Amino acid sequence: MNWNKAWTEAQPARLNMVARKSEPVAPVWTVEFDDRAQRELRKLAAETQETILHYLRERIAGASDPRQFGKPLRMNLAGLCRYRIGDYRLICRFEEHRLVVLVLKVGHRRDVYED
């Protein structure tokens, strides 16, 4: 018996079965910047800006649950979340009704929590 031929003939049927499966579509989150956060991002070095934007594009935007990548904040920042990108932090708020991660503050870890 020619196993390669049998495998090749069986593959299209198997692929069609997979293609027919309908999986529920997860909601897609988007990322928006507050005016203050945009100004803070523009003040950073170009390489740092690109690293932060790449993180947001690849990991957060389009995620079914962006909370899994962040850490909830406490005390006077309760209700907000932070993302850690190297030595920089993003302070964000989740807007459930619009499926938006709103970036409120961008800065170095030593001073991003000061207000």
# chains A, B, ... in the order shown; residues from 1 in each chain; ligands from 1

$ residues_around --residues "range 94-104 of chain A" --least-positions-apart "4" --cutoff "9 Å" --atoms "only C-alpha atoms" --output "list in words"
Pro27, Val28, Trp29, Thr30, Val31, Glu32, Phe33, Asp34, Asp35, Arg36, Ala37, Gln38, Ile60, Ala61, Pro66, Arg67, Gly79, Leu80, Cys81 and Leu90 of chain A

$ select_by_dssp --residues "range 41-114 of chain A" --states "helix (DSSP H, G or I)" --output "list in words"
Leu41, Arg42, Lys43, Ala46, Glu47, Thr48, Gln49, Glu50, Thr51, Ile52, Leu53, His54, Tyr55, Leu56, Arg57, Glu58, Arg59, Ile60, Pro66, Arg67, Gln68, Phe69, Met75, Asn76, Leu77, Glu96, His97 and Arg98 of chain A

$ write_last_selection --atoms "N, CA and C atoms" --output "PDB file, in the first residue's frame"
ATOM      1  N   LEU A  41       4.122  60.168  24.990  1.00  0.00           N
ATOM      2  CA  LEU A  41       4.736  59.216  24.061  1.00  0.00           C
ATOM      3  C   LEU A  41       5.647  59.944  23.075  1.00  0.00           C
ATOM      4  N   ARG A  42       5.201  61.092  22.564  1.00  0.00           N
ATOM      5  CA  ARG A  42       6.002  61.848  21.601  1.00  0.00           C
ATOM      6  C   ARG A  42       7.317  62.355  22.201  1.00  0.00           C
ATOM      7  N   LYS A  43       7.366  62.545  23.507  1.00  0.00           N
ATOM      8  CA  LYS A  43       8.585  63.043  24.160  1.00  0.00           C
ATOM      9  C   LYS A  43       9.653  61.963  24.304  1.00  0.00           C
ATOM     10  N   ALA A  46      12.716  57.783  19.808  1.00  0.00           N
ATOM     11  CA  ALA A  46      12.025  57.110  18.701  1.00  0.00           C
ATOM     12  C   ALA A  46      12.021  55.592  18.884  1.00  0.00           C
ATOM     13  N   GLU A  47      13.127  55.044  19.350  1.00  0.00           N
ATOM     14  CA  GLU A  47      13.212  53.586  19.545  1.00  0.00           C
ATOM     15  C   GLU A  47      12.236  53.125  20.632  1.00  0.00           C
ATOM     16  N   THR A  48      12.136  53.891  21.684  1.00  0.00           N
ATOM     17  CA  THR A  48      11.209  53.561  22.766  1.00  0.00           C
ATOM     18  C   THR A  48       9.769  53.666  22.298  1.00  0.00           C
ATOM     19  N   GLN A  49       9.485  54.696  21.522  1.00  0.00           N
ATOM     20  CA  GLN A  49       8.138  54.853  20.962  1.00  0.00           C
ATOM     21  C   GLN A  49       7.764  53.635  20.132  1.00  0.00           C
ATOM     22  N   GLU A  50       8.682  53.209  19.284  1.00  0.00           N
ATOM     23  CA  GLU A  50       8.406  52.061  18.411  1.00  0.00           C
ATOM     24  C   GLU A  50       8.204  50.787  19.219  1.00  0.00           C
ATOM     25  N   THR A  51       8.988  50.602  20.274  1.00  0.00           N
ATOM     26  CA  THR A  51       8.840  49.422  21.132  1.00  0.00           C
ATOM     27  C   THR A  51       7.464  49.395  21.780  1.00  0.00           C
ATOM     28  N   ILE A  52       7.025  50.541  22.290  1.00  0.00           N
ATOM     29  CA  ILE A  52       5.715  50.630  22.942  1.00  0.00           C
ATOM     30  C   ILE A  52       4.600  50.384  21.940  1.00  0.00           C
ATOM     31  N   LEU A  53       4.683  51.024  20.779  1.00  0.00           N
ATOM     32  CA  LEU A  53       3.632  50.854  19.761  1.00  0.00           C
ATOM     33  C   LEU A  53       3.592  49.420  19.242  1.00  0.00           C
ATOM     34  N   HIS A  54       4.764  48.817  19.094  1.00  0.00           N
ATOM     35  CA  HIS A  54       4.817  47.431  18.642  1.00  0.00           C
ATOM     36  C   HIS A  54       4.135  46.511  19.668  1.00  0.00           C
ATOM     37  N   TYR A  55       4.413  46.727  20.947  1.00  0.00           N
ATOM     38  CA  TYR A  55       3.777  45.948  22.013  1.00  0.00           C
ATOM     39  C   TYR A  55       2.256  46.091  21.942  1.00  0.00           C
ATOM     40  N   LEU A  56       1.780  47.312  21.782  1.00  0.00           N
ATOM     41  CA  LEU A  56       0.336  47.540  21.723  1.00  0.00           C
ATOM     42  C   LEU A  56      -0.288  46.898  20.490  1.00  0.00           C
ATOM     43  N   ARG A  57       0.402  47.005  19.351  1.00  0.00           N
ATOM     44  CA  ARG A  57      -0.116  46.413  18.108  1.00  0.00           C
ATOM     45  C   ARG A  57      -0.153  44.896  18.174  1.00  0.00           C
ATOM     46  N   GLU A  58       0.943  44.305  18.614  1.00  0.00           N
ATOM     47  CA  GLU A  58       1.080  42.855  18.564  1.00  0.00           C
ATOM     48  C   GLU A  58       0.375  42.124  19.696  1.00  0.00           C
ATOM     49  N   ARG A  59       0.347  42.712  20.871  1.00  0.00           N
ATOM     50  CA  ARG A  59      -0.162  41.978  22.010  1.00  0.00           C
ATOM     51  C   ARG A  59      -1.536  42.444  22.460  1.00  0.00           C
ATOM     52  N   ILE A  60      -1.772  43.729  22.514  1.00  0.00           N
ATOM     53  CA  ILE A  60      -2.996  44.249  23.120  1.00  0.00           C
ATOM     54  C   ILE A  60      -4.118  44.401  22.094  1.00  0.00           C
ATOM     55  N   PRO A  66      -7.489  41.767  26.824  1.00  0.00           N
ATOM     56  CA  PRO A  66      -6.220  42.465  27.054  1.00  0.00           C
ATOM     57  C   PRO A  66      -5.819  42.526  28.525  1.00  0.00           C
ATOM     58  N   ARG A  67      -6.727  42.206  29.430  1.00  0.00           N
ATOM     59  CA  ARG A  67      -6.392  42.221  30.858  1.00  0.00           C
ATOM     60  C   ARG A  67      -5.342  41.179  31.217  1.00  0.00           C
ATOM     61  N   GLN A  68      -5.265  40.116  30.443  1.00  0.00           N
ATOM     62  CA  GLN A  68      -4.331  39.038  30.760  1.00  0.00           C
ATOM     63  C   GLN A  68      -2.875  39.485  30.659  1.00  0.00           C
ATOM     64  N   PHE A  69      -2.599  40.575  29.971  1.00  0.00           N
ATOM     65  CA  PHE A  69      -1.233  41.043  29.805  1.00  0.00           C
ATOM     66  C   PHE A  69      -0.860  42.132  30.804  1.00  0.00           C
ATOM     67  N   MET A  75      -4.856  51.192  45.388  1.00  0.00           N
ATOM     68  CA  MET A  75      -4.819  52.463  46.119  1.00  0.00           C
ATOM     69  C   MET A  75      -5.487  53.580  45.307  1.00  0.00           C
ATOM     70  N   ASN A  76      -4.779  54.684  45.092  1.00  0.00           N
ATOM     71  CA  ASN A  76      -5.393  55.812  44.391  1.00  0.00           C
ATOM     72  C   ASN A  76      -5.545  55.568  42.886  1.00  0.00           C
ATOM     73  N   LEU A  77      -4.966  54.499  42.370  1.00  0.00           N
ATOM     74  CA  LEU A  77      -5.102  54.155  40.947  1.00  0.00           C
ATOM     75  C   LEU A  77      -5.992  52.929  40.742  1.00  0.00           C
ATOM     76  N   GLU A  96     -15.310  48.950  28.624  1.00  0.00           N
ATOM     77  CA  GLU A  96     -15.997  47.715  28.230  1.00  0.00           C
ATOM     78  C   GLU A  96     -17.029  47.941  27.119  1.00  0.00           C
ATOM     79  N   HIS A  97     -17.817  48.993  27.260  1.00  0.00           N
ATOM     80  CA  HIS A  97     -18.922  49.217  26.322  1.00  0.00           C
ATOM     81  C   HIS A  97     -18.440  49.501  24.903  1.00  0.00           C
ATOM     82  N   ARG A  98     -17.195  49.997  24.753  1.00  0.00           N
ATOM     83  CA  ARG A  98     -16.655  50.274  23.424  1.00  0.00           C
ATOM     84  C   ARG A  98     -15.557  49.295  23.023  1.00  0.00           C
TER      85      ARG A  98
END

$ closest_residue --among "A:Tyr88, A:Ala63, A:Glu40, A:Lys71" --to "Lys105 in chain A" --atoms "only C-alpha atoms"
A:Glu40

$ closest_atom_pairs --of "range 62-86 of chain A" --to "range 106-113 of chain A" --cutoff "10 Å" --atoms "only C-alpha atoms" --output "tab-separated table"
residue	atom	partner	partner_atom	distance
A:Asn76	CA	A:Tyr113	CA	9.9
A:Leu77	CA	A:Tyr113	CA	8.6
A:Arg82	CA	A:Val106	CA	9.8
A:Tyr83	CA	A:Val106	CA	9.7
A:Arg84	CA	A:Arg109	CA	8.6
A:Ile85	CA	A:Arg109	CA	9.5
A:Gly86	CA	A:Arg109	CA	9.0

$ atom_distance --atom1 "CA of Asp115 in chain A" --atom2 "CA of Ile91 in chain A"
12.1 Å
